[in-house]
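input23.csv follows (CSV, C-alpha atoms and all ligand atoms):
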```csv
chain,number,residue,atom,x,y,z
K,469,MET,CA,11.4,72.2,-19.5
K,470,LYS,CA,14.2,70.1,-20.8
K,471,VAL,CA,14.2,66.4,-20.1
K,472,SER,CA,17.7,66.7,-18.5
K,473,GLU,CA,16.2,69.3,-16.0
K,474,ILE,CA,13.2,67.0,-15.3
K,475,LEU,CA,15.6,64.1,-14.6
K,476,THR,CA,17.8,66.2,-12.3
K,477,GLN,CA,14.8,67.6,-10.4
K,478,SER,CA,12.8,64.4,-10.0
K,479,THR,CA,13.1,62.7,-6.7
K,480,LYS,CA,11.4,59.5,-7.9
K,481,ALA,CA,10.9,57.5,-11.1
K,482,PHE,CA,8.3,58.8,-13.5
K,483,PRO,CA,6.7,57.3,-16.6
K,484,SER,CA,7.4,58.6,-20.1
K,485,ILE,CA,5.2,57.7,-23.1
K,486,GLU,CA,6.3,57.1,-26.7
K,487,ILE,CA,3.7,57.3,-29.4
K,488,VAL,CA,3.9,56.7,-33.2
K,489,PRO,CA,2.5,59.4,-35.5
K,490,PRO,CA,-0.8,58.5,-37.0
K,491,LEU,CA,-1.2,57.4,-40.6
K,492,ARG,CA,-2.5,59.8,-43.2
K,493,GLY,CA,-6.2,60.4,-42.9
K,494,ILE,CA,-6.4,60.3,-39.1
K,495,THR,CA,-7.5,63.6,-37.6
K,496,LYS,CA,-6.0,65.7,-34.9
K,497,ASN,CA,-8.9,64.9,-32.6
K,498,GLU,CA,-8.5,61.2,-33.2
K,499,LEU,CA,-4.9,61.5,-32.3
K,500,LEU,CA,-5.6,63.5,-29.1
K,501,GLU,CA,-8.3,60.9,-28.1
K,502,SER,CA,-5.8,58.1,-28.5
K,503,ILE,CA,-3.4,59.7,-26.0
K,504,ALA,CA,-6.0,61.0,-23.6
K,505,PRO,CA,-6.0,57.8,-21.4
K,506,PHE,CA,-2.3,58.6,-20.5
K,507,MET,CA,-3.0,62.1,-19.3
K,508,GLU,CA,-4.5,61.1,-15.9
K,509,PHE,CA,-0.9,60.0,-15.0
K,510,LYS,CA,0.4,63.5,-15.8
K,511,PRO,CA,3.4,62.3,-18.0
K,512,LYS,CA,6.2,64.9,-17.9
K,513,TYR,CA,6.7,64.4,-21.6
K,514,ILE,CA,5.6,62.5,-24.6
K,515,ASN,CA,8.0,61.1,-27.2
K,516,VAL,CA,6.8,61.1,-30.9
K,517,THR,CA,8.7,58.7,-33.2
K,518,SER,CA,9.9,59.7,-36.7
K,519,HIS,CA,9.5,57.7,-39.8
K,520,ARG,CA,11.2,57.9,-43.2
K,521,ASP,CA,9.4,57.8,-46.5
K,522,GLU,CA,8.7,54.3,-47.9
K,523,PHE,CA,8.5,52.9,-51.4
K,524,GLU,CA,5.1,52.2,-52.8
K,525,PHE,CA,4.5,50.3,-56.1
K,526,ARG,CA,1.7,51.6,-58.3
K,527,GLU,CA,0.2,49.7,-61.3
K,528,GLU,CA,0.4,51.7,-64.5
K,529,PRO,CA,-2.3,51.5,-67.3
K,530,ASP,CA,0.0,49.3,-69.4
K,531,GLY,CA,0.2,46.7,-66.5
K,532,SER,CA,3.7,47.7,-65.5
K,533,PHE,CA,4.6,48.9,-61.9
K,534,SER,CA,6.3,52.1,-61.0
K,535,ARG,CA,8.0,52.8,-57.7
K,536,HIS,CA,7.1,56.0,-55.7
K,537,MET,CA,8.3,57.4,-52.5
K,538,VAL,CA,5.4,58.1,-50.1
K,539,ARG,CA,5.1,59.6,-46.7
K,540,ASN,CA,2.5,57.4,-44.9
K,541,ARG,CA,2.5,59.2,-41.5
K,542,ILE,CA,1.9,62.7,-40.2
K,543,SER,CA,5.3,64.3,-39.3
K,544,GLU,CA,6.5,64.1,-35.8
K,545,THR,CA,6.7,67.9,-35.5
K,546,THR,CA,3.1,68.3,-36.6
K,547,VAL,CA,2.0,65.7,-34.1
K,548,CYS,CA,4.0,67.5,-31.4
K,549,ALA,CA,2.3,70.8,-32.3
K,550,ALA,CA,-1.1,69.1,-32.0
K,551,ILE,CA,-0.3,67.7,-28.5
K,552,MET,CA,1.1,71.1,-27.4
K,553,SER,CA,-2.1,72.8,-28.5
K,554,GLU,CA,-4.2,70.6,-26.2
K,555,TYR,CA,-2.1,69.5,-23.3
K,556,ASP,CA,0.3,71.1,-20.9
K,557,VAL,CA,3.0,68.5,-21.5
K,558,GLU,CA,6.5,68.6,-22.9
K,559,VAL,CA,6.9,66.9,-26.3
K,560,VAL,CA,10.0,65.1,-27.5
K,561,PRO,CA,10.1,64.5,-31.3
K,562,HIS,CA,12.5,61.9,-32.6
K,563,LEU,CA,14.9,63.0,-35.4
K,564,ILE,CA,16.5,60.5,-37.7
K,565,CYS,CA,19.4,60.5,-40.1
K,566,GLY,CA,17.7,58.2,-42.6
K,567,GLY,CA,16.0,60.1,-45.4
K,568,ASN,CA,17.3,63.5,-44.4
K,569,THR,CA,20.2,65.5,-45.8
K,570,VAL,CA,22.0,67.8,-43.4
K,571,GLU,CA,20.0,70.7,-44.7
K,572,GLU,CA,16.7,68.9,-44.2
K,573,ILE,CA,17.8,68.2,-40.6
K,574,GLN,CA,18.5,71.9,-40.1
K,575,SER,CA,15.0,72.7,-41.4
K,576,ARG,CA,13.4,70.2,-39.0
K,577,LEU,CA,15.4,71.8,-36.2
K,578,ASP,CA,14.1,75.2,-37.3
K,579,ASN,CA,10.6,74.0,-37.2
K,580,MET,CA,11.1,72.6,-33.7
K,581,ALA,CA,12.7,75.7,-32.5
K,582,PHE,CA,9.9,77.8,-34.0
K,583,LEU,CA,7.4,75.9,-31.9
K,584,GLY,CA,9.5,76.2,-28.8
K,585,ILE,CA,10.4,72.5,-28.7
K,586,ASN,CA,13.8,72.2,-27.1
K,587,ASN,CA,13.8,68.4,-26.5
K,588,LEU,CA,14.5,65.7,-29.1
K,589,VAL,CA,15.8,62.1,-29.4
K,590,ALA,CA,18.5,61.8,-32.1
K,591,LEU,CA,18.7,58.5,-33.9
K,592,ARG,CA,20.1,57.0,-37.0
K,593,GLY,CA,16.8,55.3,-38.0
K,594,ASP,CA,16.2,51.9,-39.5
K,595,SER,CA,16.8,50.8,-43.1
K,596,MET,CA,14.0,51.2,-45.6
K,597,THR,CA,11.6,48.4,-46.1
K,598,GLY,CA,13.3,45.9,-48.5
K,599,GLU,CA,16.8,47.1,-47.6
K,600,LYS,CA,18.9,44.7,-45.5
K,601,ARG,CA,21.3,47.3,-44.1
K,602,PHE,CA,20.9,51.0,-43.4
K,603,SER,CA,22.4,53.1,-46.2
K,604,PRO,CA,23.0,56.8,-45.4
K,605,THR,CA,21.1,59.4,-47.4
K,606,PRO,CA,23.5,61.2,-49.8
K,607,GLY,CA,24.4,64.5,-48.0
K,608,GLY,CA,23.1,63.1,-44.7
K,609,TYR,CA,24.6,61.6,-41.6
K,610,ARG,CA,25.8,58.0,-41.2
K,611,TYR,CA,25.5,57.6,-37.5
K,612,ALA,CA,23.5,59.1,-34.7
K,613,SER,CA,26.7,60.5,-33.2
K,614,GLU,CA,27.2,62.6,-36.3
K,615,LEU,CA,23.6,63.8,-36.0
K,616,VAL,CA,24.2,64.8,-32.3
K,617,GLU,CA,27.3,66.7,-33.4
K,618,GLY,CA,25.2,68.5,-36.1
K,619,ILE,CA,22.5,69.4,-33.6
K,620,ARG,CA,25.0,70.8,-31.2
K,621,SER,CA,26.4,73.0,-33.9
K,622,TYR,CA,22.9,74.0,-35.0
K,623,GLN,CA,23.1,77.6,-36.3
K,624,GLY,CA,19.7,78.2,-37.8
K,625,SER,CA,17.8,80.4,-35.4
K,626,SER,CA,20.9,81.1,-33.4
K,627,SER,CA,22.7,82.8,-36.3
K,628,TYR,CA,19.6,84.9,-37.0
K,629,ARG,CA,19.4,85.8,-33.3
K,630,ARG,CA,23.1,86.5,-33.0
K,631,SER,CA,23.0,88.8,-36.1
K,632,ARG,CA,20.4,90.9,-34.2
K,633,GLY,CA,22.2,90.8,-30.9
K,634,LEU,CA,19.4,88.6,-29.3
K,635,GLU,CA,20.1,86.0,-26.7
K,636,THR,CA,21.3,82.6,-28.1
K,637,ASP,CA,21.8,79.2,-26.5
K,638,ASP,CA,24.1,76.7,-28.2
K,639,ARG,CA,22.6,74.0,-26.0
K,640,PHE,CA,19.1,74.9,-27.0
K,641,PHE,CA,18.2,71.3,-27.6
K,642,CYS,CA,18.3,68.6,-24.9
K,643,ILE,CA,19.3,65.5,-26.7
K,644,GLY,CA,18.3,61.9,-25.9
K,645,VAL,CA,19.9,58.9,-27.8
K,646,GLY,CA,19.0,55.2,-28.1
K,647,ALA,CA,20.9,52.2,-26.7
K,648,TYR,CA,20.6,48.5,-26.8
K,649,PRO,CA,21.1,46.4,-23.6
K,650,GLU,CA,21.2,43.3,-25.8
K,651,LYS,CA,23.5,45.0,-28.4
K,652,HIS,CA,22.5,46.7,-31.6
K,653,PHE,CA,22.1,43.9,-34.2
K,654,GLU,CA,24.8,45.3,-36.4
K,655,ALA,CA,27.4,45.7,-33.7
K,656,PRO,CA,30.0,42.9,-33.5
K,657,ASN,CA,29.9,42.8,-29.7
K,658,ILE,CA,28.4,44.7,-26.8
K,659,GLU,CA,31.7,46.4,-25.9
K,660,THR,CA,32.0,48.0,-29.4
K,661,ASP,CA,28.4,49.0,-29.3
K,662,ILE,CA,28.9,50.7,-25.9
K,663,ALA,CA,32.1,52.4,-27.3
K,664,ASN,CA,29.9,53.8,-30.1
K,665,LEU,CA,27.2,54.8,-27.6
K,666,LYS,CA,29.9,56.8,-25.8
K,667,LYS,CA,30.6,58.7,-29.0
K,668,LYS,CA,27.0,60.0,-28.9
K,669,ILE,CA,27.5,61.2,-25.3
K,670,ASP,CA,30.9,62.7,-26.1
K,671,ALA,CA,29.2,64.5,-29.1
K,672,GLY,CA,26.8,66.2,-26.6
K,673,ALA,CA,23.9,63.8,-25.9
K,674,ASP,CA,22.3,64.4,-22.5
K,675,TYR,CA,20.6,61.1,-21.7
K,676,ILE,CA,19.9,57.6,-23.0
K,677,ILE,CA,16.7,55.6,-23.6
K,678,THR,CA,17.1,51.8,-24.0
K,679,GLN,CA,15.5,49.5,-26.4
K,680,MET,CA,12.8,47.3,-24.8
K,681,PHE,CA,14.0,44.3,-22.8
K,682,PHE,CA,12.1,41.6,-20.9
K,683,ASP,CA,14.7,40.6,-18.3
K,684,ASN,CA,15.7,43.4,-16.0
K,685,GLN,CA,19.1,41.8,-15.2
K,686,VAL,CA,20.0,42.6,-18.8
K,687,TYR,CA,19.4,46.3,-18.1
K,688,TYR,CA,21.3,46.3,-14.8
K,689,ASP,CA,24.3,44.6,-16.4
K,690,PHE,CA,24.2,47.0,-19.3
K,691,VAL,CA,24.1,50.1,-17.0
K,692,ASP,CA,27.1,48.6,-15.1
K,693,LYS,CA,29.0,48.2,-18.4
K,694,CYS,CA,28.2,51.7,-19.5
K,695,ARG,CA,29.3,53.2,-16.2
K,696,ALA,CA,32.6,51.2,-16.4
K,697,ALA,CA,33.0,52.6,-19.9
K,698,GLY,CA,32.8,56.2,-18.5
K,699,ILE,CA,29.2,56.9,-19.5
K,700,THR,CA,27.7,58.9,-16.7
K,701,VAL,CA,24.4,60.3,-18.1
K,702,PRO,CA,21.0,58.9,-17.0
K,703,ILE,CA,20.0,55.6,-18.7
K,704,ILE,CA,16.2,55.3,-18.9
K,705,PRO,CA,14.9,51.8,-19.4
K,706,GLY,CA,12.4,51.1,-22.2
K,707,LEU,CA,9.5,48.7,-21.7
K,708,LYS,CA,6.8,47.2,-23.8
K,709,PRO,CA,4.2,44.8,-22.5
K,710,ILE,CA,3.6,41.7,-24.7
K,711,SER,CA,-0.1,41.7,-25.8
K,712,THR,CA,-0.3,38.9,-28.4
K,713,SER,CA,1.3,35.4,-28.6
K,714,ARG,CA,2.6,36.4,-32.1
K,715,GLN,CA,4.9,39.0,-30.5
K,716,ILE,CA,6.9,36.2,-29.0
K,717,SER,CA,8.4,35.6,-32.5
K,718,VAL,CA,8.0,39.0,-34.0
K,719,LEU,CA,9.7,41.1,-31.3
K,720,PRO,CA,13.0,39.1,-31.2
K,721,GLU,CA,13.3,39.3,-35.0
K,722,ALA,CA,12.3,43.0,-35.2
K,723,PHE,CA,14.4,44.3,-32.3
K,724,SER,CA,17.1,41.7,-31.9
K,725,LEU,CA,16.3,40.8,-28.3
K,726,ASP,CA,15.6,37.7,-26.1
K,727,ILE,CA,12.4,36.8,-24.4
K,728,PRO,CA,13.0,34.8,-21.2
K,729,LEU,CA,12.0,31.1,-21.2
K,730,GLU,CA,9.7,31.6,-18.2
K,731,LEU,CA,7.6,34.2,-20.1
K,732,THR,CA,7.5,32.2,-23.3
K,733,ARG,CA,6.3,29.1,-21.3
K,734,GLU,CA,3.6,31.1,-19.6
K,735,ILE,CA,2.3,32.4,-22.9
K,736,ALA,CA,2.5,28.9,-24.4
K,737,LYS,CA,0.4,27.6,-21.5
K,738,ALA,CA,-2.3,30.3,-22.3
K,739,GLY,CA,-2.9,28.6,-25.6
K,740,ASP,CA,-5.6,30.3,-27.7
K,741,SER,CA,-6.8,32.5,-24.9
K,742,LYS,CA,-6.0,36.0,-26.2
K,743,ASP,CA,-7.2,37.5,-22.9
K,744,LYS,CA,-4.9,35.3,-20.9
K,745,VAL,CA,-1.9,36.2,-23.1
K,746,TYR,CA,-2.7,39.9,-22.7
K,747,GLN,CA,-2.9,39.5,-18.9
K,748,ILE,CA,0.4,37.6,-18.7
K,749,GLY,CA,2.2,40.2,-20.8
K,750,THR,CA,0.7,43.0,-18.7
K,751,GLU,CA,1.6,41.3,-15.4
K,752,TRP,CA,5.2,40.6,-16.6
K,753,CYS,CA,5.7,44.2,-17.6
K,754,THR,CA,4.2,45.5,-14.3
K,755,ALA,CA,6.6,43.3,-12.3
K,756,GLN,CA,9.5,44.6,-14.5
K,757,CYS,CA,8.4,48.2,-13.9
K,758,LYS,CA,8.1,47.8,-10.1
K,759,ASP,CA,11.5,46.2,-9.9
K,760,LEU,CA,13.1,48.9,-12.0
K,761,ILE,CA,11.6,51.6,-9.8
K,762,ALA,CA,12.8,49.7,-6.7
K,763,HIS,CA,16.3,49.6,-8.2
K,764,GLY,CA,16.4,53.4,-8.7
K,765,ALA,CA,15.7,53.7,-12.4
K,766,PRO,CA,15.4,57.4,-13.2
K,767,ALA,CA,12.2,57.0,-15.2
K,768,VAL,CA,10.5,54.2,-17.2
K,769,HIS,CA,9.9,54.7,-20.9
K,770,PHE,CA,6.9,52.9,-22.4
K,771,TYR,CA,6.7,52.0,-26.1
K,772,THR,CA,2.9,52.2,-26.7
K,773,MET,CA,2.9,51.3,-30.4
K,774,GLY,CA,-0.6,52.5,-30.8
K,775,LYS,CA,-2.0,50.6,-27.7
K,776,SER,CA,-3.0,52.2,-24.4
K,777,GLY,CA,-5.1,49.8,-22.4
K,778,ASN,CA,-2.3,47.6,-21.0
K,779,ILE,CA,0.0,50.5,-20.4
K,780,VAL,CA,-2.6,52.4,-18.5
K,781,ASN,CA,-3.1,49.4,-16.2
K,782,ILE,CA,0.6,49.2,-15.6
K,783,LEU,CA,0.9,52.9,-14.9
K,784,ARG,CA,-2.0,52.6,-12.4
K,785,GLU,CA,-0.2,49.7,-10.6
K,786,CYS,CA,3.3,51.3,-10.5
K,787,PHE,CA,3.1,55.1,-10.3
Z,801,LIG,P1,23.7,54.5,-34.1
Z,801,LIG,O1,24.0,55.0,-32.7
Z,801,LIG,O2,24.2,55.3,-35.2
Z,801,LIG,O3,24.3,53.0,-34.2
Z,801,LIG,C1,23.9,52.2,-35.3
Z,801,LIG,C2,25.0,51.1,-35.4
Z,801,LIG,O4,26.2,51.7,-35.9
Z,801,LIG,C3,25.3,50.4,-34.1
Z,801,LIG,O5,25.6,49.0,-34.4
Z,801,LIG,C4,26.5,51.1,-33.6
Z,801,LIG,O6,27.3,50.2,-32.8
Z,801,LIG,C5,27.2,51.4,-34.9
Z,801,LIG,N1,28.0,52.6,-34.9
Z,801,LIG,C6,27.7,53.8,-34.3
Z,801,LIG,N2,28.6,54.7,-34.5
Z,801,LIG,C7,29.6,54.1,-35.2
Z,801,LIG,C8,30.9,54.6,-35.7
Z,801,LIG,N3,31.3,55.8,-35.6
Z,801,LIG,N4,31.6,53.7,-36.4
Z,801,LIG,C9,31.2,52.4,-36.6
Z,801,LIG,N5,30.0,51.9,-36.1
Z,801,LIG,C10,29.2,52.8,-35.4
Z,801,LIG,N6,13.9,54.3,-35.5
Z,801,LIG,C11,13.2,55.2,-36.3
Z,801,LIG,O7,13.2,55.0,-37.5
Z,801,LIG,N7,12.4,56.2,-35.8
Z,801,LIG,C12,12.3,56.4,-34.4
Z,801,LIG,O8,11.6,57.3,-34.0
Z,801,LIG,C13,13.0,55.5,-33.5
Z,801,LIG,N8,13.0,55.7,-32.2
Z,801,LIG,C14,13.8,54.9,-31.4
Z,801,LIG,C15,13.8,55.2,-30.0
Z,801,LIG,C16,14.7,54.4,-29.2
Z,801,LIG,C17,14.7,54.8,-27.7
Z,801,LIG,C18,15.5,53.4,-29.7
Z,801,LIG,C19,16.4,52.6,-28.8
Z,801,LIG,C20,15.4,53.1,-31.1
Z,801,LIG,C21,14.6,53.9,-31.9
Z,801,LIG,N9,14.6,53.7,-33.3
Z,801,LIG,C22,13.8,54.5,-34.1
Z,801,LIG,C23,15.3,52.6,-33.9
Z,801,LIG,C24,16.8,53.0,-34.4
Z,801,LIG,O9,16.7,54.0,-35.3
Z,801,LIG,C25,17.5,51.8,-34.9
Z,801,LIG,O10,17.7,50.8,-33.9
Z,801,LIG,C26,18.7,52.0,-35.7
Z,801,LIG,O11,19.1,50.8,-36.3
Z,801,LIG,C27,19.9,52.5,-34.9
Z,801,LIG,O12,19.8,53.7,-34.4
Z,801,LIG,P2,20.9,54.4,-33.4
Z,801,LIG,O13,20.5,55.8,-33.3
Z,801,LIG,O14,21.0,53.6,-32.2
Z,801,LIG,O15,22.2,54.3,-34.3
```
Let's see the structure in the file written out as structure tokens.
Ligand code: FAD
Amino acid sequence: MKVSEILTQSTKAFPSIEIVPPLRGITKNELLESIAPFMEFKPKYINVTSHRDEFEFREEPDGSFSRHMVRNRISETTVCAAIMSEYDVEVVPHLICGGNTVEEIQSRLDNMAFLGINNLVALRGDSMTGEKRFSPTPGGYRYASELVEGIRSYQGSSSYRRSRGLETDDRFFCIGVGAYPEKHFEAPNIETDIANLKKKIDAGADYIITQMFFDNQVYYDFVDKCRAAGITVPIIPGLKPISTSRQISVLPEAFSLDIPLELTREIAKAGDSKDKVYQIGTEWCTAQCKDLIAHGAPAVHFYTMGKSGNIVNILRECF
């Protein structure tokens, strides 16, 4: 079922889970074991992130270093196929502009359609390690809005089907896109960023998932601004529980977001107690989740980033 249909049919908020594909060398069984703890909550779908190739430096026999492009993670579509083979759950692979030409995007869509996957999240993707700003791949898309447009005009399996007089569906893919309640770090202001978000919706995106935030008021204000700008699609809030004191400095830098003073003070008070920090982060996120549900959020999206324990506790409390 498409996420848009799930959203329309749901009468109450449900959790969605986002996982990161495993590194090379991890087996299918190990992957399935890592997501098993979420299955007791019967998630309606699981998102699988997409990662571009990275540079790796290798030392040559003469002592010099050569630069190689390497793919460190299993592909999102392969991970989706593994999940589909074991669990009765929808999968939502992410698809990024970065590192892909238009033809490569088409091929990825072909692979998804082949597996019967008709949900995806369309994103620009981040810059490569070592690059300050995102630079588009030659022959690829610059912005997620262009990618959404490309997916909507996806002809691959449709043209094959058309040529044989078989049924076709130009809206085969249900498309989610990302948004930033605290503004994307490159945007000059939130208004411009929301205007750019609207371009993705106008290009055919069906719903929005937000970047993580730690103050729900930021999300409520963002939703109000989006509605005022004419964006009517569902806006799913994204959450991530803090689990280490280091994240207090890492997350704002990595995701361009604020962590409320009250939360940073609580974590500072916990000092060296890792367990206490973990507990504070889990409780904060549980309170956020309960409040979002009470305010009518359509669903709550969890960034698991390879961890399940704290999110399982939150799901148990909230759903
Ligand atoms: P865009 O919507 O293209 O926006 C990027 C910037 O360009 C913004 O500042 C925007 O305001 C601006 N902009 C957009 N359109 C225009 C235009 N026409 N003219 C001028 N400026 C414009 N990254 C990954 O690599 N893999 C993932 O799987 C992944 N999953 C994510 C899931 C979610 C829910 C979110 C919120 C983010 C995810 N990201 C992922 C991170 C994302 O790729 C980065 O944040 C990236 O920097 C921006 O992606 P975007 O799709 O929002 O870009």
Closest-contact table, segment 733-752 of chain K side, partner segment 705-719 of chain K, 8 Å, counting all atoms listed in the file, as CSV:
```
residue,atom,partner,partner_atom,distance
K:Ile735,CA,K:Ser713,CA,6.5
K:Ala736,CA,K:Ser713,CA,7.8
K:Lys742,CA,K:Thr712,CA,6.8
K:Val745,CA,K:Thr712,CA,6.2
K:Tyr746,CA,K:Ser711,CA,4.4
K:Gln747,CA,K:Ser711,CA,7.8
K:Ile748,CA,K:Ile710,CA,7.9
K:Gly749,CA,K:Ile710,CA,4.4
K:Thr750,CA,K:Pro709,CA,5.5
K:Trp752,CA,K:Pro709,CA,7.3
```
Can you tell me which residues surround Glu558 of chain K at a distance of at most 10 Å, considering all atoms listed in the file, apart from same-chain residues fewer than 4 positions away, and format the answer as a PDB file with C-alpha atoms, keeping the file's coordinate frame?
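And here's selection10.pdb as it stands now:
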```pdb
ATOM      1  CA  MET K 469      11.400  72.200 -19.500  1.00  0.00           C
ATOM      2  CA  LYS K 470      14.200  70.100 -20.800  1.00  0.00           C
ATOM      3  CA  VAL K 471      14.200  66.400 -20.100  1.00  0.00           C
ATOM      4  CA  PRO K 511       3.400  62.300 -18.000  1.00  0.00           C
ATOM      5  CA  LYS K 512       6.200  64.900 -17.900  1.00  0.00           C
ATOM      6  CA  TYR K 513       6.700  64.400 -21.600  1.00  0.00           C
ATOM      7  CA  ILE K 514       5.600  62.500 -24.600  1.00  0.00           C
ATOM      8  CA  ASN K 515       8.000  61.100 -27.200  1.00  0.00           C
ATOM      9  CA  CYS K 548       4.000  67.500 -31.400  1.00  0.00           C
ATOM     10  CA  ILE K 551      -0.300  67.700 -28.500  1.00  0.00           C
ATOM     11  CA  MET K 552       1.100  71.100 -27.400  1.00  0.00           C
ATOM     12  CA  ILE K 585      10.400  72.500 -28.700  1.00  0.00           C
ATOM     13  CA  ASN K 586      13.800  72.200 -27.100  1.00  0.00           C
ATOM     14  CA  ASN K 587      13.800  68.400 -26.500  1.00  0.00           C
TER      15      ASN K 587
END
```
Which residues of chain K come within 8 Å of ligand LIG 801 (chain Z), and for each one, what is the closest pair of atoms and their distance in Å to one decimal, counting only C-alpha atoms and all ligand atoms, sorted by chain and residue number, as JSON lines?
```
{"residue": "K:Val488", "atom": "CA", "partner": "Z:LIG801", "partner_atom": "O8", "distance": 7.8}
{"residue": "K:Val516", "atom": "CA", "partner": "Z:LIG801", "partner_atom": "O8", "distance": 6.9}
{"residue": "K:Thr517", "atom": "CA", "partner": "Z:LIG801", "partner_atom": "O8", "distance": 3.3}
{"residue": "K:Ser518", "atom": "CA", "partner": "Z:LIG801", "partner_atom": "O8", "distance": 4.0}
{"residue": "K:His519", "atom": "CA", "partner": "Z:LIG801", "partner_atom": "O7", "distance": 5.1}
{"residue": "K:Arg520", "atom": "CA", "partner": "Z:LIG801", "partner_atom": "O7", "distance": 6.7}
{"residue": "K:Pro561", "atom": "CA", "partner": "Z:LIG801", "partner_atom": "O8", "distance": 7.8}
{"residue": "K:His562", "atom": "CA", "partner": "Z:LIG801", "partner_atom": "O8", "distance": 4.9}
{"residue": "K:Leu563", "atom": "CA", "partner": "Z:LIG801", "partner_atom": "O8", "distance": 6.7}
{"residue": "K:Ile564", "atom": "CA", "partner": "Z:LIG801", "partner_atom": "N7", "distance": 6.2}
{"residue": "K:Gly566", "atom": "CA", "partner": "Z:LIG801", "partner_atom": "O7", "distance": 7.5}
{"residue": "K:Val589", "atom": "CA", "partner": "Z:LIG801", "partner_atom": "C15", "distance": 7.2}
{"residue": "K:Ala590", "atom": "CA", "partner": "Z:LIG801", "partner_atom": "O13", "distance": 6.4}
{"residue": "K:Leu591", "atom": "CA", "partner": "Z:LIG801", "partner_atom": "O13", "distance": 3.3}
{"residue": "K:Arg592", "atom": "CA", "partner": "Z:LIG801", "partner_atom": "O13", "distance": 3.9}
{"residue": "K:Gly593", "atom": "CA", "partner": "Z:LIG801", "partner_atom": "O9", "distance": 3.0}
{"residue": "K:Asp594", "atom": "CA", "partner": "Z:LIG801", "partner_atom": "O11", "distance": 4.5}
{"residue": "K:Ser595", "atom": "CA", "partner": "Z:LIG801", "partner_atom": "O11", "distance": 7.2}
{"residue": "K:Phe602", "atom": "CA", "partner": "Z:LIG801", "partner_atom": "O11", "distance": 7.3}
{"residue": "K:Arg610", "atom": "CA", "partner": "Z:LIG801", "partner_atom": "O2", "distance": 6.8}
{"residue": "K:Tyr611", "atom": "CA", "partner": "Z:LIG801", "partner_atom": "O2", "distance": 3.5}
{"residue": "K:Ala612", "atom": "CA", "partner": "Z:LIG801", "partner_atom": "O2", "distance": 3.9}
{"residue": "K:Ser613", "atom": "CA", "partner": "Z:LIG801", "partner_atom": "O2", "distance": 6.1}
{"residue": "K:Glu614", "atom": "CA", "partner": "Z:LIG801", "partner_atom": "O2", "distance": 8.0}
{"residue": "K:Val645", "atom": "CA", "partner": "Z:LIG801", "partner_atom": "O13", "distance": 6.3}
{"residue": "K:Gly646", "atom": "CA", "partner": "Z:LIG801", "partner_atom": "C19", "distance": 3.7}
{"residue": "K:Ala647", "atom": "CA", "partner": "Z:LIG801", "partner_atom": "C19", "distance": 5.0}
{"residue": "K:Tyr648", "atom": "CA", "partner": "Z:LIG801", "partner_atom": "C19", "distance": 6.2}
{"residue": "K:Lys651", "atom": "CA", "partner": "Z:LIG801", "partner_atom": "O5", "distance": 7.5}
{"residue": "K:His652", "atom": "CA", "partner": "Z:LIG801", "partner_atom": "O5", "distance": 4.8}
{"residue": "K:Phe653", "atom": "CA", "partner": "Z:LIG801", "partner_atom": "O5", "distance": 6.2}
{"residue": "K:Glu654", "atom": "CA", "partner": "Z:LIG801", "partner_atom": "O5", "distance": 4.3}
{"residue": "K:Ala655", "atom": "CA", "partner": "Z:LIG801", "partner_atom": "O5", "distance": 3.8}
{"residue": "K:Pro656", "atom": "CA", "partner": "Z:LIG801", "partner_atom": "O5", "distance": 7.6}
{"residue": "K:Thr660", "atom": "CA", "partner": "Z:LIG801", "partner_atom": "O6", "distance": 6.2}
{"residue": "K:Asp661", "atom": "CA", "partner": "Z:LIG801", "partner_atom": "O6", "distance": 3.9}
{"residue": "K:Ile662", "atom": "CA", "partner": "Z:LIG801", "partner_atom": "O6", "distance": 7.1}
{"residue": "K:Ala663", "atom": "CA", "partner": "Z:LIG801", "partner_atom": "O6", "distance": 7.6}
{"residue": "K:Asn664", "atom": "CA", "partner": "Z:LIG801", "partner_atom": "N2", "distance": 4.7}
{"residue": "K:Leu665", "atom": "CA", "partner": "Z:LIG801", "partner_atom": "O1", "distance": 6.0}
{"residue": "K:Lys667", "atom": "CA", "partner": "Z:LIG801", "partner_atom": "N2", "distance": 7.1}
{"residue": "K:Lys668", "atom": "CA", "partner": "Z:LIG801", "partner_atom": "O1", "distance": 7.0}
{"residue": "K:Ile676", "atom": "CA", "partner": "Z:LIG801", "partner_atom": "C17", "distance": 7.5}
{"residue": "K:Ile677", "atom": "CA", "partner": "Z:LIG801", "partner_atom": "C17", "distance": 4.6}
{"residue": "K:Thr678", "atom": "CA", "partner": "Z:LIG801", "partner_atom": "C19", "distance": 4.9}
{"residue": "K:Gln679", "atom": "CA", "partner": "Z:LIG801", "partner_atom": "C19", "distance": 4.0}
{"residue": "K:Met680", "atom": "CA", "partner": "Z:LIG801", "partner_atom": "C19", "distance": 7.6}
{"residue": "K:Gly706", "atom": "CA", "partner": "Z:LIG801", "partner_atom": "C17", "distance": 7.0}
{"residue": "K:Phe723", "atom": "CA", "partner": "Z:LIG801", "partner_atom": "O10", "distance": 7.5}
```
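Atom CA of Arg492 of chain K to atom CA of Arg526 of chain K spans 17.7 Å [interatomic distance, one decimal].
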Q: Mind checking which residues fall within 8 Å of segment 532-541 of chain K, counting only C-alpha atoms, ignoring those fewer than 2 positions away in the same chain, and posting them as a list in words?
A: Pro489, Pro490, Leu491, Arg492, His519, Arg520, Asp521, Glu522, Phe523, Glu524, Phe525, Arg526, Glu527, Glu528, Pro529, Asp530 and Ser543 of chain K
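Interatomic distance, atom CA of Ser621 of chain K to atom CA of Pro766 of chain K: 28.2 Å.
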